[in-house]
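As stored in upload.cif (mmCIF, C-alpha atoms):
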```
data_work
loop_
_atom_site.label_atom_id
_atom_site.label_comp_id
_atom_site.auth_asym_id
_atom_site.auth_seq_id
_atom_site.Cartn_x
_atom_site.Cartn_y
_atom_site.Cartn_z
CA MET A 1 0.00 0.00 0.00
CA ALA A 2 1.36 3.41 -0.91
CA ALA A 3 2.28 5.97 1.74
CA SER A 4 -0.37 8.38 0.49
CA GLU A 5 -3.01 5.76 1.29
CA GLN A 6 -1.61 5.01 4.75
CA GLU A 7 -1.07 8.53 6.05
CA PRO A 8 -4.73 9.65 6.31
CA SER A 9 -5.52 6.50 8.33
CA ARG A 10 -2.59 7.18 10.68
CA SER A 11 -3.60 10.83 10.97
CA LYS A 12 -7.23 9.94 11.66
CA ILE A 13 -6.32 7.44 14.37
CA GLY A 14 -3.87 9.87 15.94
CA ILE A 15 -6.22 12.85 15.99
CA GLN A 16 -9.22 10.86 17.26
CA THR A 17 -7.14 9.30 20.03
CA SER A 18 -5.67 12.66 21.02
CA VAL A 19 -9.13 14.26 21.26
CA ILE A 20 -10.33 11.47 23.55
CA GLY A 21 -7.14 11.81 25.60
CA LEU A 22 -7.74 15.56 25.94
CA VAL A 23 -11.35 15.11 27.12
CA VAL A 24 -10.42 12.37 29.61
CA ASN A 25 -7.47 14.33 31.05
CA LEU A 26 -9.55 17.49 31.48
CA MET A 27 -12.08 15.39 33.37
CA LEU A 28 -9.27 14.03 35.57
CA VAL A 29 -8.08 17.57 36.27
CA GLY A 30 -11.47 18.41 37.73
CA ILE A 31 -11.67 15.19 39.77
CA LYS A 32 -8.17 15.54 41.23
CA LEU A 33 -8.44 19.27 41.99
CA PHE A 34 -11.67 18.63 43.87
CA ALA A 35 -10.19 15.65 45.75
CA GLY A 36 -7.02 17.58 46.57
CA TYR A 37 -9.02 20.53 47.90
CA LEU A 38 -11.17 18.28 50.10
CA ALA A 39 -8.16 16.35 51.44
CA ASN A 40 -5.78 19.34 51.77
CA SER A 41 -3.22 17.13 50.00
CA VAL A 42 -0.32 18.56 48.01
CA ALA A 43 0.30 15.15 46.42
CA ILE A 44 -3.24 15.04 45.02
CA MET A 45 -3.14 18.69 43.90
CA ALA A 46 0.23 18.15 42.22
CA ASP A 47 -1.17 15.10 40.44
CA ALA A 48 -3.98 17.36 39.18
CA MET A 49 -1.30 19.65 37.72
CA ASN A 50 0.15 16.58 36.04
CA SER A 51 -3.21 15.99 34.37
CA ILE A 52 -3.16 19.57 33.09
CA GLY A 53 0.21 18.76 31.52
CA ASP A 54 -1.32 15.60 30.05
CA SER A 55 -4.09 17.71 28.51
CA THR A 56 -1.47 19.93 26.89
CA SER A 57 0.33 16.82 25.64
CA ALA A 58 -2.90 15.59 24.02
CA ILE A 59 -3.24 18.92 22.17
CA LEU A 60 0.38 18.69 20.98
CA ALA A 61 -0.23 15.10 19.84
CA MET A 62 -3.30 16.21 17.91
CA LEU A 63 -1.35 18.95 16.13
CA GLY A 64 1.56 16.61 15.47
CA PHE A 65 -0.58 13.98 13.75
CA TYR A 66 -2.40 16.66 11.75
CA TYR A 67 0.76 18.28 10.35
CA ALA A 68 2.53 14.94 9.85
CA SER A 69 -0.23 13.87 7.45
CA LYS A 70 0.29 16.84 5.12
CA PRO A 71 1.76 15.81 1.75
CA ALA A 72 5.17 16.83 0.45
CA ASP A 73 5.44 20.31 -1.02
CA ARG A 74 8.07 22.48 -2.66
CA ASN A 75 9.64 23.52 0.65
CA HIS A 76 9.33 20.06 2.23
CA PRO A 77 10.06 17.56 -0.57
CA TYR A 78 10.34 14.65 1.88
CA GLY A 79 6.96 15.26 3.52
CA HIS A 80 6.01 16.38 7.03
CA GLN A 81 6.04 13.10 8.94
CA ARG A 82 8.91 14.21 11.19
CA THR A 83 6.45 16.65 12.74
CA GLU A 84 5.23 13.64 14.72
CA TYR A 85 8.71 13.31 16.25
CA ILE A 86 8.67 16.99 17.24
CA SER A 87 5.24 16.53 18.79
CA GLY A 88 6.55 13.56 20.77
CA LEU A 89 9.53 15.60 21.97
CA LEU A 90 7.34 18.54 23.08
CA THR A 91 4.99 16.12 24.85
CA ALA A 92 7.93 14.66 26.75
CA VAL A 93 9.18 18.16 27.67
CA ILE A 94 5.74 19.04 29.08
CA ILE A 95 5.78 15.85 31.15
CA LEU A 96 9.26 16.72 32.43
CA ILE A 97 8.30 20.31 33.37
CA VAL A 98 5.22 19.09 35.24
CA GLY A 99 7.39 16.57 37.09
CA PHE A 100 9.80 19.27 38.27
CA GLU A 101 6.94 21.54 39.36
CA PHE A 102 5.44 18.59 41.19
CA LEU A 103 8.79 17.99 42.92
CA ILE A 104 9.13 21.62 44.03
CA THR A 105 5.60 21.61 45.48
CA SER A 106 6.29 18.34 47.30
CA VAL A 107 9.53 19.66 48.84
CA GLU A 108 7.65 22.73 50.09
CA LYS A 109 5.10 20.39 51.70
CA ILE A 110 7.93 18.42 53.35
CA LEU A 111 9.36 21.64 54.81
CA ASN A 112 5.93 22.93 55.86
CA PRO A 113 3.72 19.88 56.55
CA THR A 114 -0.04 20.13 57.09
CA GLU A 115 -2.62 17.55 58.08
CA VAL A 116 -4.59 15.75 55.39
CA VAL A 117 -8.35 15.60 55.85
CA ALA A 118 -10.16 12.26 56.05
CA SER A 119 -12.97 11.87 53.52
CA LYS A 120 -14.70 8.88 51.98
CA LEU A 121 -15.45 11.04 48.95
CA VAL A 122 -11.73 11.72 48.46
CA ILE A 123 -10.99 8.00 48.55
CA ALA A 124 -13.73 7.32 46.00
CA LEU A 125 -12.44 10.09 43.71
CA LEU A 126 -8.87 8.77 43.89
CA PHE A 127 -9.96 5.25 42.96
CA LEU A 128 -12.12 6.65 40.16
CA SER A 129 -9.22 8.69 38.72
CA MET A 130 -6.94 5.65 38.89
CA LEU A 131 -9.46 3.52 36.97
CA ILE A 132 -10.00 6.25 34.37
CA LYS A 133 -6.24 6.76 33.82
CA GLY A 134 -5.66 3.01 33.57
CA GLY A 135 -8.40 2.76 30.97
CA LEU A 136 -6.90 5.65 29.01
CA GLY A 137 -3.50 3.96 29.03
CA LEU A 138 -5.05 0.76 27.65
CA TYR A 139 -6.83 2.81 25.00
CA TYR A 140 -3.57 4.48 23.92
CA THR A 141 -1.93 1.04 23.71
CA TYR A 142 -4.79 -0.37 21.63
CA ARG A 143 -4.73 2.55 19.18
CA ASN A 144 -0.94 2.47 18.91
CA ARG A 145 -1.11 -1.19 17.86
CA GLN A 146 -3.51 -0.23 15.07
CA LEU A 147 -0.77 1.83 13.41
CA ASP A 148 1.51 0.19 10.87
CA THR A 149 4.45 1.81 12.68
CA PRO A 150 4.08 2.55 16.43
CA SER A 151 4.08 6.24 17.28
CA LYS A 152 6.63 7.80 19.65
CA VAL A 153 3.87 10.25 20.63
CA PHE A 154 1.68 7.38 21.81
CA ASP A 155 4.69 5.70 23.43
CA ALA A 156 5.24 8.83 25.54
CA LEU A 157 1.55 9.04 26.44
CA ILE A 158 1.45 5.34 27.38
CA LYS A 159 4.49 5.74 29.67
CA ASP A 160 2.89 8.80 31.22
CA SER A 161 -0.36 6.90 31.81
CA ILE A 162 1.53 4.11 33.58
CA SER A 163 3.34 6.70 35.71
CA ASP A 164 0.05 8.36 36.59
CA LEU A 165 -1.51 5.02 37.47
CA LEU A 166 1.37 4.23 39.83
CA ALA A 167 1.24 7.76 41.21
CA ASN A 168 -2.46 7.44 41.99
CA LEU A 169 -1.87 4.10 43.70
CA VAL A 170 0.99 5.52 45.79
CA ILE A 171 -1.11 8.58 46.71
CA ILE A 172 -3.99 6.37 47.86
CA VAL A 173 -1.66 4.24 50.00
CA SER A 174 0.02 7.32 51.48
CA TYR A 175 -3.35 8.92 52.17
CA PHE A 176 -4.47 5.91 54.20
CA ALA A 177 -1.07 5.67 55.90
CA GLU A 178 -1.08 9.32 56.96
CA LEU A 179 -4.61 9.07 58.32
CA ALA A 180 -3.74 5.89 60.24
CA THR A 181 -0.36 6.97 61.68
CA GLY A 182 -0.54 10.75 61.77
CA LEU A 183 2.88 10.94 60.13
CA HIS A 184 3.30 13.77 57.62
CA ILE A 185 4.32 11.67 54.58
CA ASP A 186 2.22 13.43 51.96
CA GLY A 187 5.12 15.60 50.75
CA TYR A 188 7.52 12.65 50.62
CA ILE A 189 5.08 10.58 48.57
CA GLY A 190 4.56 13.54 46.28
CA ALA A 191 8.32 13.77 45.75
CA ILE A 192 8.52 10.07 44.86
CA VAL A 193 5.70 10.45 42.33
CA ALA A 194 7.43 13.53 40.87
CA LEU A 195 10.70 11.61 40.41
CA ILE A 196 8.83 8.83 38.56
CA ILE A 197 7.29 11.43 36.22
CA ILE A 198 10.69 13.11 35.67
CA TYR A 199 12.34 9.74 34.90
CA ASN A 200 9.73 8.87 32.26
CA GLY A 201 9.92 12.40 30.84
CA PHE A 202 13.67 12.09 30.30
CA GLY A 203 13.23 8.66 28.71
CA SER A 204 10.65 9.99 26.25
CA ILE A 205 12.82 13.00 25.40
CA ILE A 206 15.75 10.72 24.57
CA ALA A 207 13.56 8.45 22.41
CA SER A 208 12.09 11.37 20.45
CA ALA A 209 15.44 13.11 20.09
CA ASN A 210 16.98 9.91 18.71
CA ASP A 211 14.31 9.79 16.01
CA ILE A 212 14.93 13.41 15.05
CA VAL A 213 18.71 12.92 14.92
CA GLY A 214 18.40 9.56 13.15
CA THR A 215 18.97 6.03 14.41
CA ARG A 216 20.18 2.72 13.04
CA PRO A 217 17.55 1.10 10.76
CA ASP A 218 15.36 -1.67 12.07
CA PRO A 219 17.36 -4.93 11.59
CA ASP A 220 14.20 -6.77 10.51
CA LEU A 221 13.59 -4.23 7.73
CA VAL A 222 17.22 -4.51 6.59
CA SER A 223 16.94 -8.30 6.57
CA ASP A 224 13.71 -8.18 4.53
CA ILE A 225 15.33 -5.87 1.96
CA GLN A 226 18.30 -8.23 1.71
CA ASP A 227 15.95 -11.16 1.12
CA VAL A 228 14.52 -9.30 -1.88
CA LEU A 229 17.95 -8.35 -3.24
CA ASP A 230 19.06 -11.97 -2.92
CA THR A 231 16.33 -13.03 -5.36
CA PHE A 232 18.01 -11.17 -8.25
CA ASP A 233 20.28 -13.69 -9.96
CA SER A 234 21.30 -11.07 -12.51
CA ILE A 235 23.48 -9.23 -9.96
CA ILE A 236 26.78 -10.34 -8.49
CA ASP A 237 26.45 -8.72 -5.09
CA TYR A 238 25.33 -5.56 -3.26
CA HIS A 239 26.70 -3.38 -0.48
CA ASP A 240 26.48 0.03 1.22
CA LEU A 241 22.75 0.01 1.90
CA HIS A 242 21.72 3.33 3.47
CA LEU A 243 18.23 3.99 4.80
CA HIS A 244 17.10 7.57 5.44
CA GLN A 245 13.94 7.99 7.51
CA TYR A 246 11.86 11.17 7.29
CA GLY A 247 9.03 9.95 9.49
CA PRO A 248 7.49 6.72 10.83
CA GLN A 249 6.49 5.62 7.31
CA GLN A 250 8.66 7.76 5.04
CA PHE A 251 11.86 6.03 3.88
CA PHE A 252 14.41 6.73 1.18
CA ALA A 253 17.32 4.41 0.47
CA THR A 254 20.49 3.95 -1.58
CA VAL A 255 22.44 0.79 -2.33
CA ASP A 256 25.37 -0.23 -4.52
CA ILE A 257 24.57 -3.08 -6.92
CA GLU A 258 27.45 -5.09 -8.41
CA ILE A 259 26.85 -6.24 -11.99
CA ASP A 260 29.07 -8.11 -14.46
CA SER A 261 31.02 -5.46 -16.40
CA ARG A 262 30.44 -7.40 -19.63
CA LYS A 263 26.72 -6.70 -19.45
CA SER A 264 25.55 -3.86 -21.71
CA LEU A 265 24.68 -0.54 -20.11
CA LEU A 266 21.07 -0.85 -21.21
CA ASP A 267 20.75 -4.33 -19.70
CA ALA A 268 22.42 -3.21 -16.47
CA HIS A 269 20.10 -0.20 -16.26
CA GLN A 270 17.10 -2.48 -16.72
CA VAL A 271 18.22 -4.61 -13.75
CA ILE A 272 18.61 -1.51 -11.59
CA ASP A 273 15.14 -0.32 -12.56
CA GLU A 274 13.65 -3.69 -11.64
CA ILE A 275 15.33 -3.62 -8.22
CA GLU A 276 14.14 -0.08 -7.48
CA ALA A 277 10.58 -0.91 -8.54
CA ARG A 278 10.51 -4.10 -6.45
CA ILE A 279 11.72 -2.33 -3.29
CA GLU A 280 9.13 0.41 -3.72
CA GLU A 281 6.37 -2.14 -4.32
CA ASP A 282 7.26 -4.36 -1.35
CA PHE A 283 8.30 -1.74 1.21
CA ASP A 284 7.04 1.62 -0.07
CA ILE A 285 10.68 2.78 -0.01
CA GLN A 286 12.07 5.00 -2.75
CA LEU A 287 15.40 3.35 -3.57
CA VAL A 288 18.21 4.78 -5.68
CA ALA A 289 20.59 2.00 -6.79
CA HIS A 290 24.16 2.78 -7.81
CA LEU A 291 25.68 0.57 -10.50
CA ASP A 292 29.08 -1.00 -9.75
CA PRO A 293 30.52 -2.82 -12.80
CA ILE A 294 32.62 -5.78 -11.63
CA VAL A 295 35.31 -7.49 -13.70
CA ILE A 296 35.06 -11.27 -13.33
CA ASN A 297 37.07 -14.18 -14.74
CA ASP A 298 40.21 -12.02 -14.83
CA ALA A 299 43.28 -13.94 -13.65
CA GLU A 300 45.12 -10.93 -12.22
CA GLN A 301 42.07 -9.59 -10.40
CA ASN A 302 41.14 -13.00 -9.00
CA HIS A 303 44.69 -13.49 -7.72
CA ILE A 304 44.81 -10.09 -6.00
CA TYR A 305 41.31 -10.54 -4.61
CA LYS A 306 42.45 -13.78 -2.92
CA LEU A 307 45.56 -12.07 -1.50
CA VAL A 308 43.43 -9.29 0.00
CA LYS A 309 40.98 -11.81 1.45
CA ASP A 310 43.77 -13.92 2.99
CA SER A 311 45.47 -10.85 4.45
CA LEU A 312 42.28 -9.69 6.11
CA LYS A 313 41.56 -13.14 7.51
CA GLN A 314 45.03 -13.23 9.05
CA LEU A 315 44.27 -10.03 10.91
CA ARG A 316 40.89 -11.32 12.06
CA SER A 317 38.57 -14.02 10.75
CA ASP A 318 35.42 -11.89 10.70
CA PHE A 319 36.86 -9.12 8.49
CA HIS A 320 35.01 -8.67 5.19
CA PHE A 321 35.49 -6.38 2.22
CA HIS A 322 33.56 -5.22 -0.84
CA ASP A 323 33.65 -2.79 -3.79
CA PHE A 324 36.90 -4.41 -4.97
CA ARG A 325 38.31 -3.09 -8.23
CA ILE A 326 41.61 -2.48 -10.01
CA GLN A 327 42.13 0.68 -12.02
CA GLU A 328 44.78 1.47 -14.59
CA GLN A 329 46.67 4.74 -14.01
CA ALA A 330 48.78 6.93 -16.28
CA ASN A 331 52.04 6.12 -14.49
CA ASP A 332 51.60 2.36 -15.09
CA VAL A 333 50.95 1.84 -11.35
CA LYS A 334 47.66 0.02 -10.90
CA ALA A 335 45.39 1.25 -8.12
CA ILE A 336 43.63 -1.34 -5.95
CA HIS A 337 40.43 -0.06 -4.32
CA PHE A 338 38.28 -1.83 -1.75
CA ASP A 339 36.21 -1.14 1.38
CA VAL A 340 36.72 -3.06 4.62
CA VAL A 341 33.79 -3.72 6.96
CA VAL A 342 35.12 -3.21 10.50
CA PRO A 343 33.37 -5.19 13.28
CA ASP A 344 31.95 -3.08 16.11
CA ASP A 345 34.31 -4.44 18.78
CA ILE A 346 37.52 -3.60 16.91
CA ALA A 347 39.67 -1.26 19.03
CA TRP A 348 42.14 -0.40 16.24
CA SER A 349 41.83 3.00 14.64
CA ASP A 350 41.55 3.39 10.86
CA GLU A 351 45.19 4.45 10.77
CA GLN A 352 46.30 1.35 12.69
CA LEU A 353 44.27 -0.92 10.43
CA LEU A 354 45.66 0.80 7.36
CA ASN A 355 49.25 0.30 8.52
CA LYS A 356 48.66 -3.38 9.28
CA LEU A 357 47.08 -4.01 5.87
CA TYR A 358 49.76 -2.00 4.05
CA GLU A 359 52.46 -4.05 5.71
CA GLN A 360 50.92 -7.36 4.68
CA LEU A 361 49.70 -6.46 1.20
CA ASN A 362 52.75 -4.48 0.07
CA GLN A 363 54.93 -7.47 0.85
CA ARG A 364 52.67 -9.74 -1.16
CA LEU A 365 51.87 -7.39 -4.04
CA GLY A 366 54.84 -5.11 -4.44
CA PHE A 367 55.24 -2.84 -7.47
CA PRO A 368 53.34 -1.75 -9.57
CA TYR A 369 50.27 -1.55 -7.26
CA SER A 370 49.01 1.20 -4.95
CA LEU A 371 46.42 0.62 -2.25
CA HIS A 372 43.29 2.73 -1.66
CA ILE A 373 41.36 1.35 1.33
CA THR A 374 38.18 2.72 2.90
CA PHE A 375 36.99 1.47 6.30
CA ASP A 376 33.25 1.02 6.86
CA ARG A 377 32.18 1.26 10.49
CA ASN A 378 28.57 0.94 11.69
CA TYR A 379 27.80 -1.11 8.58
CA VAL A 380 24.06 -1.67 8.14
CA LEU A 381 23.92 -4.94 6.21
CA ASN A 382 24.11 -8.04 8.38
CA HIS A 383 26.07 -9.97 5.79
CA THR A 384 28.46 -8.87 3.06
CA GLY A 385 27.54 -10.98 0.11
CA LYS A 386 24.89 -13.02 -1.64
#
```

Whole structure given in structure tokens:
Amino acid sequence: MAASEQEPSRSKIGIQTSVIGLVVNLMLVGIKLFAGYLANSVAIMADAMNSIGDSTSAILAMLGFYYASKPADRNHPYGHQRTEYISGLLTAVIILIVGFEFLITSVEKILNPTEVVASKLVIALLFLSMLIKGGLGLYYTYRNRQLDTPSKVFDALIKDSISDLLANLVIIVSYFAELATGLHIDGYIGAIVALIIIYNGFGSIIASANDIVGTRPDPDLVSDIQDVLDTFDSIIDYHDLHLHQYGPQQFFATVDIEIDSRKSLLDAHQVIDEIEARIEEDFDIQLVAHLDPIVINDAEQNHIYKLVKDSLKQLRSDFHFHDFRIQEQANDVKAIHFDVVVPDDIAWSDEQLLNKLYEQLNQRLGFPYSLHITFDRNYVLNHTGK
């Protein structure tokens, strides 16, 4: 299904869910403010302020889903889906601010304690708000699962709902404990709840910021793309897959495709077109494939290829390389080019690796070859050949 067909559905789900979240949180604000006033409890009043923050978050979520659904235009050729990430980040910031305000209020209550007031109505209101918030959290979870790609906005709201549910439970327990013992623990409980909110706020900020900055592609998606590329018998190999994400469902990609150099340019171009069309059809990803002509059945190249492979294996068995080619130069010195995939746990720097490979390969190759080696770190593909 094309992105243009998916986006309105995502937008509709997001906006509808946000509206319901706004209505429910405004209702909780009223319930908690009333309960806090009756009980003279800073913890309950602060939790009411948290619900005001949740109401603001629902508005931000609504705006985020609305703008994310807008199509690409001249000034935004890759669409507006990243607006959803910004909405998620702002939602997390609101949660964090409310948590700090909650903490300040709780510390003031610790320094200047007051008695809480016993009331059956307060107890009933606290249990009611806990049930309502728990139901809202389940609703967010249900709607998030309806999306083809889970939303960081909903993830933040779900975490916040869980925090609120725990906060309500802790407040209820502390309310009973203070009435039973006479100890002034309301401020301390409020501080604990505030720290839980702050912790979840920071976690949501980090998650949203990572999406805005860009993260490593989903390994399952990479594996699925590789499975499709492996079906093309007309190519020799592929490497350097790069995925660029401009929103939860907006991907662009590039990949290098190795094709027998003896194949005509028209035939090679046809293969590339077929690959690009297949990736777009299967994954709704706009792929640009780069053609790498590879010389095969050449005695000199095969010999040097084996020397490079053996040299790398002597350094470490899990070294791999790609984009291997030999180029003629004007000074009769042939240039050997290849890229080395460096495992994540390698401590050697690029310069150290280069020196080690130069030492081994220069001894084996000698004149008239020059080496041009590129080191690939954080390589996306989970294997290096078909």

Computed interatomic separation between CA of Ile97 in chain A and CA of Leu136 in chain A (Å):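 That distance, rounded to one decimal, is 21.6 Å.
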
Selection under test: the PyMOL selection byres ((chain A and resi 261) around 7); residues as a list in words: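 This file, filtered by the PyMOL selection byres ((chain A and resi 261) around 7), leaves Ile259, Asp260, Arg262, Lys263, Pro293, Ile294 and Val295 of chain A.
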
Pick from A:Leu361, A:Leu63, A:Ile185, A:Ile336 nearest to Val116 in chain A, counting only C-alpha atoms: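 Closest to Val116 in chain A, using only C-alpha atoms: A:Ile185.
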
CA of Leu33 in chain A to CA of Asp47 in chain A, distance in Å rounded to a single decimal: 8.5 Å

d(CA of Pro150 in chain A, CA of Ile13 in chain A) in Å: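 We find that CA of Pro150 in chain A and CA of Ile13 in chain A lie 11.7 Å from each other.
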
Contacts of Pro217 in chain A within 10 Å, all atoms listed in the file, excl. fewer than 2 positions in-chain, as a PyMOL selection string: chain A and resi 214-215+219-222+242-245+380-381

Evaluate the PyMOL selection byres ((chain A and resi 239) around 10) and report residues as a ChimeraX atom specification: /A:226,237-238,240-242,254-258,290,292,321-323,339,379-381,383-386

Nearest to Arg377 in chain A, chosen from A:Ser57, A:Ser18, A:Ser11, A:Ser349, with all atoms listed in the file counted in the distances: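 Using all atoms listed in the file, the shortest distance to Arg377 in chain A belongs to A:Ser349.
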